[in-house]
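*Asks:* Data: protein_1.json, JSON, C-alpha atoms.
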```
[["chain", "number", "residue", "atom", "x", "y", "z"],
["A", 7, "MET", "CA", 56.23, -11.32, -47.91],
["A", 8, "SER", "CA", 53.02, -12.81, -46.51],
["A", 9, "LEU", "CA", 52.35, -9.58, -44.61],
["A", 10, "ARG", "CA", 51.84, -7.85, -47.95],
["A", 11, "TYR", "CA", 49.21, -10.37, -48.97],
["A", 12, "ALA", "CA", 47.49, -10.29, -45.59],
["A", 13, "LEU", "CA", 47.14, -6.52, -46.00],
["A", 14, "LEU", "CA", 45.86, -6.91, -49.56],
["A", 15, "ALA", "CA", 43.27, -9.41, -48.30],
["A", 16, "LEU", "CA", 41.98, -6.88, -45.77],
["A", 17, "LEU", "CA", 41.99, -4.01, -48.24],
["A", 18, "SER", "CA", 40.06, -6.08, -50.76],
["A", 19, "VAL", "CA", 37.03, -5.44, -48.52],
["A", 20, "GLU", "CA", 37.23, -1.64, -48.18],
["A", 21, "PRO", "CA", 39.70, 1.27, -48.03],
["A", 22, "MET", "CA", 41.31, 1.74, -44.62],
["A", 23, "THR", "CA", 43.87, 3.88, -42.83],
["A", 24, "GLY", "CA", 46.94, 2.28, -41.31],
["A", 25, "TYR", "CA", 45.25, 2.58, -37.93],
["A", 26, "ASP", "CA", 42.10, 0.83, -39.21],
["A", 27, "LEU", "CA", 44.21, -1.89, -40.81],
["A", 28, "SER", "CA", 46.12, -2.45, -37.59],
["A", 29, "LYS", "CA", 42.86, -2.89, -35.64],
["A", 30, "ARG", "CA", 41.30, -5.16, -38.30],
["A", 31, "PHE", "CA", 44.55, -7.10, -38.49],
["A", 32, "GLU", "CA", 44.42, -7.85, -34.77],
["A", 33, "SER", "CA", 40.83, -9.10, -34.92],
["A", 34, "SER", "CA", 41.20, -11.28, -38.01],
["A", 35, "VAL", "CA", 44.44, -11.92, -39.89],
["A", 36, "ALA", "CA", 46.59, -11.87, -36.75],
["A", 37, "TYR", "CA", 45.18, -15.27, -35.84],
["A", 38, "VAL", "CA", 47.19, -16.69, -38.75],
["A", 39, "TRP", "CA", 49.90, -14.04, -39.34],
["A", 40, "HIS", "CA", 51.36, -11.87, -36.59],
["A", 41, "ALA", "CA", 52.68, -8.42, -37.49],
["A", 42, "PRO", "CA", 53.18, -5.41, -35.21],
["A", 43, "ASP", "CA", 52.45, -1.82, -36.29],
["A", 44, "SER", "CA", 56.19, -1.34, -36.80],
["A", 45, "GLN", "CA", 55.94, -3.76, -39.75],
["A", 46, "ILE", "CA", 52.48, -2.80, -41.05],
["A", 47, "TYR", "CA", 53.07, 0.92, -41.65],
["A", 48, "PRO", "CA", 56.36, 0.55, -43.59],
["A", 49, "GLU", "CA", 54.84, -2.25, -45.67],
["A", 50, "LEU", "CA", 51.87, -0.04, -46.59],
["A", 51, "ARG", "CA", 54.26, 2.63, -47.86],
["A", 52, "LYS", "CA", 56.20, 0.03, -49.90],
["A", 53, "MET", "CA", 52.98, -1.34, -51.34],
["A", 54, "GLU", "CA", 51.88, 2.15, -52.36],
["A", 55, "LYS", "CA", 55.27, 2.75, -54.00],
["A", 56, "ASP", "CA", 54.91, -0.60, -55.84],
["A", 57, "GLY", "CA", 51.49, 0.42, -57.17],
["A", 58, "LEU", "CA", 49.54, -2.19, -55.20],
["A", 59, "LEU", "CA", 47.79, 0.49, -53.14],
["A", 60, "ALA", "CA", 46.71, 4.06, -53.67],
["A", 61, "GLY", "CA", 46.90, 6.39, -50.69],
["A", 62, "GLU", "CA", 44.68, 9.41, -50.17],
["A", 63, "GLU", "CA", 44.88, 12.01, -47.42],
["A", 64, "ILE", "CA", 41.63, 12.19, -45.45],
["A", 65, "PRO", "CA", 40.60, 14.40, -42.53],
["A", 66, "TRP", "CA", 41.33, 12.96, -39.10],
["A", 67, "GLY", "CA", 40.06, 14.75, -36.04],
["A", 68, "PRO", "CA", 39.58, 18.53, -35.99],
["A", 69, "ARG", "CA", 42.80, 19.44, -37.84],
["A", 70, "GLY", "CA", 44.68, 16.25, -38.57],
["A", 71, "LYS", "CA", 45.02, 14.09, -41.66],
["A", 72, "LYS", "CA", 45.64, 10.41, -42.21],
["A", 73, "THR", "CA", 46.38, 8.34, -45.27],
["A", 74, "GLN", "CA", 43.60, 6.01, -46.33],
["A", 75, "TYR", "CA", 44.69, 3.14, -48.57],
["A", 76, "ARG", "CA", 42.67, 1.36, -51.21],
["A", 77, "ILE", "CA", 43.72, -1.66, -53.21],
["A", 78, "THR", "CA", 44.48, -0.97, -56.88],
["A", 79, "ALA", "CA", 43.81, -3.21, -59.86],
["A", 80, "GLU", "CA", 47.51, -4.16, -59.70],
["A", 81, "GLY", "CA", 47.07, -5.03, -56.03],
["A", 82, "ARG", "CA", 44.09, -7.27, -56.79],
["A", 83, "ALA", "CA", 46.04, -8.97, -59.58],
["A", 84, "ALA", "CA", 49.07, -9.49, -57.29],
["A", 85, "PHE", "CA", 46.85, -10.96, -54.57],
["A", 86, "ARG", "CA", 45.12, -13.32, -57.02],
["A", 87, "GLU", "CA", 48.50, -14.39, -58.45],
["A", 88, "TRP", "CA", 49.82, -15.11, -54.93],
["A", 89, "MET", "CA", 46.70, -17.11, -54.12],
["A", 90, "ASN", "CA", 47.15, -19.21, -57.28],
["A", 91, "THR", "CA", 50.86, -19.88, -56.72],
["A", 92, "PRO", "CA", 51.85, -22.91, -54.60],
["A", 93, "LEU", "CA", 53.63, -22.01, -51.36],
["A", 94, "GLU", "CA", 57.30, -22.66, -50.94],
["A", 95, "TYR", "CA", 57.60, -24.19, -47.50],
["A", 96, "SER", "CA", 60.45, -22.85, -45.41],
["A", 97, "ARG", "CA", 62.54, -24.92, -43.09],
["A", 98, "GLU", "CA", 61.34, -25.10, -39.50],
["A", 99, "ARG", "CA", 62.50, -22.86, -36.71],
["A", 100, "ASP", "CA", 60.75, -24.29, -33.71],
["A", 101, "PRO", "CA", 62.34, -23.35, -30.37],
["A", 102, "VAL", "CA", 59.80, -25.33, -28.32],
["A", 103, "HIS", "CA", 60.55, -28.64, -30.00],
["A", 104, "LEU", "CA", 64.26, -27.83, -30.13],
["A", 105, "LYS", "CA", 64.22, -27.34, -26.39],
["A", 106, "ALA", "CA", 62.19, -30.54, -25.92],
["A", 107, "ALA", "CA", 64.87, -32.50, -27.75],
["A", 108, "TYR", "CA", 67.34, -31.51, -25.00],
["A", 109, "LEU", "CA", 65.18, -31.62, -21.87],
["A", 110, "GLU", "CA", 67.69, -33.96, -20.26],
["A", 111, "TRP", "CA", 69.71, -30.80, -19.57],
["A", 112, "ALA", "CA", 66.82, -29.22, -17.65],
["A", 113, "ASP", "CA", 65.81, -29.89, -14.07],
["A", 114, "PRO", "CA", 62.59, -31.94, -14.04],
["A", 115, "ASP", "CA", 60.66, -29.01, -12.53],
["A", 116, "ALA", "CA", 61.91, -26.68, -15.27],
["A", 117, "ALA", "CA", 61.01, -29.28, -17.91],
["A", 118, "ARG", "CA", 57.50, -29.53, -16.45],
["A", 119, "ALA", "CA", 57.23, -25.73, -16.48],
["A", 120, "HIS", "CA", 58.09, -25.73, -20.22],
["A", 121, "MET", "CA", 55.37, -28.27, -20.94],
["A", 122, "ARG", "CA", 52.78, -26.47, -18.79],
["A", 123, "ALA", "CA", 53.56, -23.16, -20.51],
["A", 124, "HIS", "CA", 53.09, -24.89, -23.88],
["A", 125, "ILE", "CA", 49.73, -26.26, -22.76],
["A", 126, "ASP", "CA", 48.64, -22.85, -21.46],
["A", 127, "CYS", "CA", 49.69, -21.08, -24.66],
["A", 128, "HIS", "CA", 47.91, -23.52, -26.97],
["A", 129, "THR", "CA", 44.84, -23.71, -24.75],
["A", 130, "LEU", "CA", 44.46, -19.94, -25.02],
["A", 131, "ARG", "CA", 45.02, -20.01, -28.78],
["A", 132, "ARG", "CA", 42.54, -22.85, -29.14],
["A", 133, "GLU", "CA", 39.92, -20.83, -27.25],
["A", 134, "GLN", "CA", 40.54, -17.81, -29.49],
["A", 135, "TRP", "CA", 40.32, -19.86, -32.68],
["A", 136, "ALA", "CA", 37.21, -21.73, -31.50],
["A", 137, "GLY", "CA", 35.68, -18.35, -30.64],
["A", 138, "MET", "CA", 36.46, -17.15, -34.17],
["A", 139, "ILE", "CA", 34.71, -20.21, -35.60],
["A", 140, "GLU", "CA", 31.62, -19.36, -33.55],
["A", 141, "GLU", "CA", 31.72, -15.73, -34.74],
["A", 142, "LEU", "CA", 32.00, -16.89, -38.33],
["A", 143, "LYS", "CA", 29.17, -19.39, -37.98],
["A", 144, "ASN", "CA", 26.76, -17.07, -36.17],
["A", 145, "GLY", "CA", 27.53, -14.02, -38.33],
["A", 146, "THR", "CA", 28.89, -11.76, -35.59],
["A", 147, "ASN", "CA", 32.38, -11.35, -37.10],
["A", 148, "VAL", "CA", 32.53, -7.73, -38.29],
["A", 149, "MET", "CA", 35.19, -8.26, -40.96],
["A", 150, "LEU", "CA", 33.36, -11.24, -42.42],
["A", 151, "ARG", "CA", 30.11, -9.26, -42.61],
["A", 152, "LYS", "CA", 31.94, -6.51, -44.50],
["A", 153, "ARG", "CA", 33.61, -9.03, -46.79],
["A", 154, "LEU", "CA", 30.32, -10.78, -47.56],
["A", 155, "ALA", "CA", 28.70, -7.43, -48.32],
["A", 156, "VAL", "CA", 31.14, -6.92, -51.22],
["A", 157, "THR", "CA", 31.22, -10.57, -52.29],
["A", 158, "PRO", "CA", 28.94, -11.79, -55.08],
["A", 159, "GLU", "CA", 26.08, -13.93, -53.75],
["A", 160, "ALA", "CA", 27.39, -17.01, -55.58],
["A", 161, "ASP", "CA", 30.75, -16.80, -53.72],
["A", 162, "ARG", "CA", 29.52, -16.09, -50.19],
["A", 163, "ARG", "CA", 29.28, -19.70, -49.02],
["A", 164, "ARG", "CA", 32.83, -20.43, -50.25],
["A", 165, "THR", "CA", 34.10, -17.31, -48.50],
["A", 166, "LEU", "CA", 32.55, -18.40, -45.20],
["A", 167, "GLU", "CA", 33.45, -22.09, -45.43],
["A", 168, "TYR", "CA", 37.12, -21.43, -46.23],
["A", 169, "LYS", "CA", 37.42, -19.16, -43.20],
["A", 170, "ILE", "CA", 35.84, -21.80, -40.94],
["A", 171, "PHE", "CA", 38.08, -24.49, -42.49],
["A", 172, "THR", "CA", 41.17, -22.39, -41.68],
["A", 173, "TYR", "CA", 40.28, -21.97, -38.01],
["A", 174, "GLU", "CA", 39.31, -25.63, -37.68],
["A", 175, "GLY", "CA", 42.85, -26.46, -38.83],
["A", 176, "LEU", "CA", 44.28, -24.14, -36.21],
["A", 177, "VAL", "CA", 42.13, -25.71, -33.49],
["A", 178, "ALA", "CA", 43.31, -29.17, -34.58],
["A", 179, "ARG", "CA", 46.92, -27.98, -34.46],
["A", 180, "ALA", "CA", 46.39, -26.61, -30.94],
["A", 181, "ASP", "CA", 44.81, -29.89, -29.84],
["A", 182, "THR", "CA", 47.85, -31.77, -31.15],
["A", 183, "GLU", "CA", 50.28, -29.45, -29.34],
["A", 184, "ILE", "CA", 48.32, -29.71, -26.08],
["A", 185, "GLU", "CA", 48.27, -33.51, -26.29],
["A", 186, "TRP", "CA", 52.00, -33.58, -27.12],
["A", 187, "ALA", "CA", 52.82, -31.43, -24.07],
["A", 188, "ARG", "CA", 50.64, -33.62, -21.82],
["A", 189, "ARG", "CA", 52.55, -36.66, -23.05],
["A", 190, "GLY", "CA", 55.72, -34.70, -22.30],
["A", 191, "LEU", "CA", 54.59, -34.19, -18.69],
["A", 192, "GLU", "CA", 53.94, -37.93, -18.37],
["A", 193, "LEU", "CA", 57.36, -38.69, -19.85],
["A", 194, "ILE", "CA", 59.10, -36.28, -17.49],
["A", 195, "ASP", "CA", 57.33, -37.89, -14.52],
["A", 196, "SER", "CA", 58.20, -41.42, -15.64],
["A", 197, "LEU", "CA", 61.85, -40.53, -16.25],
["A", 198, "ASP", "CA", 62.07, -38.61, -12.96],
["A", 199, "GLU", "CA", 60.80, -41.67, -11.09],
["A", 200, "ALA", "CA", 63.17, -44.08, -12.86],
["A", 201, "PRO", "CA", 66.06, -45.38, -10.76]]
```
Could I get this structure in the form of structure tokens?

*Replies:*
Amino acid sequence: MSLRYALLALLSVEPMTGYDLSKRFESSVAYVWHAPDSQIYPELRKMEKDGLLAGEEIPWGPRGKKTQYRITAEGRAAFREWMNTPLEYSRERDPVHLKAAYLEWADPDAARAHMRAHIDCHTLRREQWAGMIEELKNGTNVMLRKRLAVTPEADRRRTLEYKIFTYEGLVARADTEIEWARRGLELIDSLDEAP
């Protein structure tokens, strides 16, 4: 259900088509919630049916039309209610750490490849998240500029600081995963050398 609330968050800034939402999603929300177009478009239709969004046909190109969605009062209320409700944490499904628990079944070179891939993945994510922090701090993030433009002056600092706080948490998580995988490489080497 978090996809619904991610879309409501984006639409709280301005009306958008599914295409616009997909592009904005990739440059903002996707850092914390991944969803392909195949999930976004059906969810928009469900949200419209549920009264959270209102869709309007708008011209697109010389003869085409697209649906532009805007958040309704019910959508704003649903988003606020979700934000004020504590999360229910789900049980973990973590294939990387599951695999790590059974690395004795892997050849040492394959085990090293798993750890290196983990380091590469989290290094890339860390760079993306650190880049987002810089964009937020220096005011070059397009979505943040749009959000701040419709945010009351008194709430702008909170809006910015919570975004930065979120990405700092993601950077810290990436740092932890990178360090864990480096320790894994050391462990694999020490166990491989053991008699």

*Asks:* Using only C-alpha atoms, determine which residues lie at most 12 Å from Gly190 of chain A, disregarding the query and same-chain residues fewer than 2 positions distant; provide the list as a list in words.

*Replies:*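 Using only C-alpha atoms, the neighbours found are Val102, His103, Lys105, Ala106, Ala107, Leu109, Pro114, Ala117, Arg118, Ala119, His120, Met121, Arg122, Ala123, His124, Ile125, Glu183, Ile184, Glu185, Trp186, Ala187, Arg188, Glu192, Leu193, Ile194, Asp195, Ser196, Leu197 and Asp198 of chain A.
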
*Asks:* Have a look at atom CA of Gly175 of chain A and atom CA of Gln134 of chain A and let me know their distance in Å, one decimal.

*Replies:*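 It comes out at 12.9 Å.
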
*Asks:* Nearest to Asp181 of chain A among A:Arg163, A:Arg132, A:Arg76, A:Lys152, with distances taken over only C-alpha atoms: which residue is it?

*Replies:* A:Arg132

*Asks:* With distances taken over only C-alpha atoms, which residue among A:Tyr75, A:Arg164, A:Ser96, A:Asp43 lies nearest Glu20 of chain A?

*Replies:*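 Ranking A:Tyr75, A:Arg164, A:Ser96, A:Asp43 by distance to Glu20 of chain A, first place goes to A:Tyr75.
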
*Asks:* What's the 8 Å shell around Val19 of chain A, counting all atoms listed in the file, without same-chain residues fewer than 3 positions away, as an NGL selection string?

*Replies:* :A and (15-16 or 152-153 or 156)

*Asks:* In Å, how far is it from atom CA of Leu59 of chain A to atom CA of Ser34 of chain A?

*Replies:* 20.3 Å

*Asks:* So how many Å separate atom CA of Tyr11 of chain A and atom CA of Ala84 of chain A, to one decimal?

*Replies:*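 Spanning atom CA of Tyr11 of chain A to atom CA of Ala84 of chain A is a straight-line distance of 8.4 Å.
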
*Asks:* Would you please work out which residue, of A:Glu167, A:Glu174, A:Asp113, A:Glu199, is nearest to Glu133 of chain A when using all atoms listed in the file?

*Replies:*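 Looking at the shortest contact to Glu133 of chain A, the residue is A:Glu174.
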
*Asks:* Segment 143-148 of chain A: which residues within 12 Å, counting all atoms listed in the file, same-chain residues fewer than 5 positions away excluded, as a PDB file with C-alpha atoms, keeping the file's coordinate frame?

*Replies:*
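Output file result.pdb is given in full below:
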```pdb
ATOM      1  CA  VAL A  19      37.030  -5.440 -48.520  1.00  0.00           C
ATOM      2  CA  LYS A  29      42.860  -2.890 -35.640  1.00  0.00           C
ATOM      3  CA  ARG A  30      41.300  -5.160 -38.300  1.00  0.00           C
ATOM      4  CA  SER A  33      40.830  -9.100 -34.920  1.00  0.00           C
ATOM      5  CA  SER A  34      41.200 -11.280 -38.010  1.00  0.00           C
ATOM      6  CA  ALA A 136      37.210 -21.730 -31.500  1.00  0.00           C
ATOM      7  CA  GLY A 137      35.680 -18.350 -30.640  1.00  0.00           C
ATOM      8  CA  MET A 138      36.460 -17.150 -34.170  1.00  0.00           C
ATOM      9  CA  ARG A 153      33.610  -9.030 -46.790  1.00  0.00           C
ATOM     10  CA  LEU A 154      30.320 -10.780 -47.560  1.00  0.00           C
ATOM     11  CA  ALA A 155      28.700  -7.430 -48.320  1.00  0.00           C
ATOM     12  CA  ARG A 163      29.280 -19.700 -49.020  1.00  0.00           C
ATOM     13  CA  THR A 165      34.100 -17.310 -48.500  1.00  0.00           C
ATOM     14  CA  LEU A 166      32.550 -18.400 -45.200  1.00  0.00           C
ATOM     15  CA  GLU A 167      33.450 -22.090 -45.430  1.00  0.00           C
ATOM     16  CA  TYR A 168      37.120 -21.430 -46.230  1.00  0.00           C
ATOM     17  CA  LYS A 169      37.420 -19.160 -43.200  1.00  0.00           C
ATOM     18  CA  ILE A 170      35.840 -21.800 -40.940  1.00  0.00           C
ATOM     19  CA  PHE A 171      38.080 -24.490 -42.490  1.00  0.00           C
ATOM     20  CA  TYR A 173      40.280 -21.970 -38.010  1.00  0.00           C
ATOM     21  CA  GLU A 174      39.310 -25.630 -37.680  1.00  0.00           C
TER      22      GLU A 174
END
```

*Asks:* Quick one: everything within 12 Å of Lys55 of chain A, counting all atoms listed in the file, minus sequence neighbours fewer than 4 positions away in the same chain. Send it as a list in words.

*Replies:*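 Using all atoms listed in the file, the neighbours found are Pro48, Glu49, Leu50, Arg51, Leu59, Ala60, Gly61, Tyr75, Thr78, Glu80 and Gly81 of chain A.
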
*Asks:* Print the selection's residues with C-alpha atoms to a file, as a PDB file, in the coordinates of the input.

*Replies:*
```
ATOM      1  CA  PRO A  48      56.360   0.550 -43.590  1.00  0.00           C
ATOM      2  CA  GLU A  49      54.840  -2.250 -45.670  1.00  0.00           C
ATOM      3  CA  LEU A  50      51.870  -0.040 -46.590  1.00  0.00           C
ATOM      4  CA  ARG A  51      54.260   2.630 -47.860  1.00  0.00           C
ATOM      5  CA  LEU A  59      47.790   0.490 -53.140  1.00  0.00           C
ATOM      6  CA  ALA A  60      46.710   4.060 -53.670  1.00  0.00           C
ATOM      7  CA  GLY A  61      46.900   6.390 -50.690  1.00  0.00           C
ATOM      8  CA  TYR A  75      44.690   3.140 -48.570  1.00  0.00           C
ATOM      9  CA  THR A  78      44.480  -0.970 -56.880  1.00  0.00           C
ATOM     10  CA  GLU A  80      47.510  -4.160 -59.700  1.00  0.00           C
ATOM     11  CA  GLY A  81      47.070  -5.030 -56.030  1.00  0.00           C
TER      12      GLY A  81
END
```

*Asks:* Between A:Pro65, A:Gly57, A:Pro21, A:Pro42, single out the one closest to Ala79 of chain A, counting only C-alpha atoms.

*Replies:*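 The closest residue to Ala79 of chain A is A:Gly57.
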
*Asks:* Using all atoms listed in the file, can you tell me which of A:Leu9, A:Asp56, A:Gln74, A:Glu62 comes closest to Asp26 of chain A?

*Replies:*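 The answer is A:Gln74, which sits nearest to Asp26 of chain A.
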
*Asks:* Render segment 175-186 of chain A from the structure in the preceding block as a file of all heavy atoms, as a compact mmCIF listing (two decimals), in the first residue's frame.

*Replies:*
```
# COMPACT_ATOMS: atom_id res chain seq x y z
N GLY A 175 19.83 8.93 6.51
CA GLY A 175 19.60 7.57 7.02
C GLY A 175 19.93 6.51 5.99
O GLY A 175 20.50 5.46 6.30
N LEU A 176 19.60 6.79 4.74
CA LEU A 176 19.91 5.84 3.67
C LEU A 176 21.42 5.74 3.43
O LEU A 176 21.95 4.65 3.20
CB LEU A 176 19.19 6.25 2.39
CG LEU A 176 17.66 6.14 2.44
CD1 LEU A 176 17.04 6.78 1.20
CD2 LEU A 176 17.22 4.68 2.57
N VAL A 177 22.12 6.87 3.51
CA VAL A 177 23.57 6.85 3.38
C VAL A 177 24.19 6.04 4.52
O VAL A 177 25.08 5.21 4.29
CB VAL A 177 24.14 8.29 3.35
CG1 VAL A 177 25.65 8.29 3.56
CG2 VAL A 177 23.78 8.97 2.04
N ALA A 178 23.68 6.24 5.73
CA ALA A 178 24.21 5.48 6.88
C ALA A 178 23.96 3.99 6.70
O ALA A 178 24.82 3.16 7.01
CB ALA A 178 23.56 5.99 8.18
N ARG A 179 22.79 3.64 6.18
CA ARG A 179 22.48 2.23 5.93
C ARG A 179 23.44 1.65 4.89
O ARG A 179 23.95 0.54 5.04
CB ARG A 179 21.05 2.07 5.45
CG ARG A 179 20.66 0.61 5.25
CD ARG A 179 19.33 0.43 4.58
NE ARG A 179 18.25 1.08 5.27
CZ ARG A 179 17.03 1.23 4.76
NH1 ARG A 179 16.77 0.79 3.54
NH2 ARG A 179 16.08 1.81 5.43
N ALA A 180 23.70 2.41 3.83
CA ALA A 180 24.64 1.95 2.80
C ALA A 180 26.03 1.76 3.38
O ALA A 180 26.70 0.77 3.09
CB ALA A 180 24.67 2.93 1.63
N ASP A 181 26.46 2.71 4.20
CA ASP A 181 27.78 2.59 4.84
C ASP A 181 27.88 1.32 5.66
O ASP A 181 28.89 0.60 5.63
CB ASP A 181 28.06 3.81 5.74
CG ASP A 181 28.36 5.07 4.95
OD1 ASP A 181 28.72 4.98 3.76
OD2 ASP A 181 28.23 6.16 5.55
N THR A 182 26.81 1.00 6.40
CA THR A 182 26.78 -0.21 7.22
C THR A 182 26.86 -1.46 6.34
O THR A 182 27.62 -2.39 6.65
CB THR A 182 25.50 -0.25 8.08
OG1 THR A 182 25.50 0.89 8.95
CG2 THR A 182 25.41 -1.51 8.90
N GLU A 183 26.12 -1.48 5.25
CA GLU A 183 26.14 -2.64 4.35
C GLU A 183 27.50 -2.82 3.68
O GLU A 183 27.98 -3.93 3.51
CB GLU A 183 25.02 -2.54 3.31
CG GLU A 183 23.63 -2.70 3.88
CD GLU A 183 23.36 -4.08 4.46
OE1 GLU A 183 23.95 -5.08 3.98
OE2 GLU A 183 22.56 -4.17 5.40
N ILE A 184 28.12 -1.71 3.29
CA ILE A 184 29.44 -1.77 2.67
C ILE A 184 30.45 -2.33 3.67
O ILE A 184 31.25 -3.22 3.34
CB ILE A 184 29.87 -0.38 2.16
CG1 ILE A 184 28.99 0.02 0.96
CG2 ILE A 184 31.35 -0.37 1.79
CD1 ILE A 184 29.09 1.49 0.60
N GLU A 185 30.42 -1.81 4.90
CA GLU A 185 31.35 -2.28 5.93
C GLU A 185 31.12 -3.76 6.23
O GLU A 185 32.06 -4.53 6.40
CB GLU A 185 31.21 -1.44 7.20
CG GLU A 185 32.12 -1.85 8.33
CD GLU A 185 33.60 -1.88 7.94
OE1 GLU A 185 34.03 -1.06 7.10
OE2 GLU A 185 34.34 -2.74 8.50
N TRP A 186 29.85 -4.17 6.30
CA TRP A 186 29.52 -5.58 6.56
C TRP A 186 30.10 -6.46 5.46
O TRP A 186 30.69 -7.50 5.75
CB TRP A 186 28.00 -5.72 6.65
CG TRP A 186 27.53 -7.13 6.73
CD1 TRP A 186 27.52 -7.94 7.84
CD2 TRP A 186 27.01 -7.92 5.66
NE1 TRP A 186 27.02 -9.18 7.50
CE2 TRP A 186 26.70 -9.19 6.18
CE3 TRP A 186 26.77 -7.67 4.30
CZ2 TRP A 186 26.16 -10.21 5.39
CZ3 TRP A 186 26.23 -8.68 3.52
CH2 TRP A 186 25.94 -9.94 4.07
```
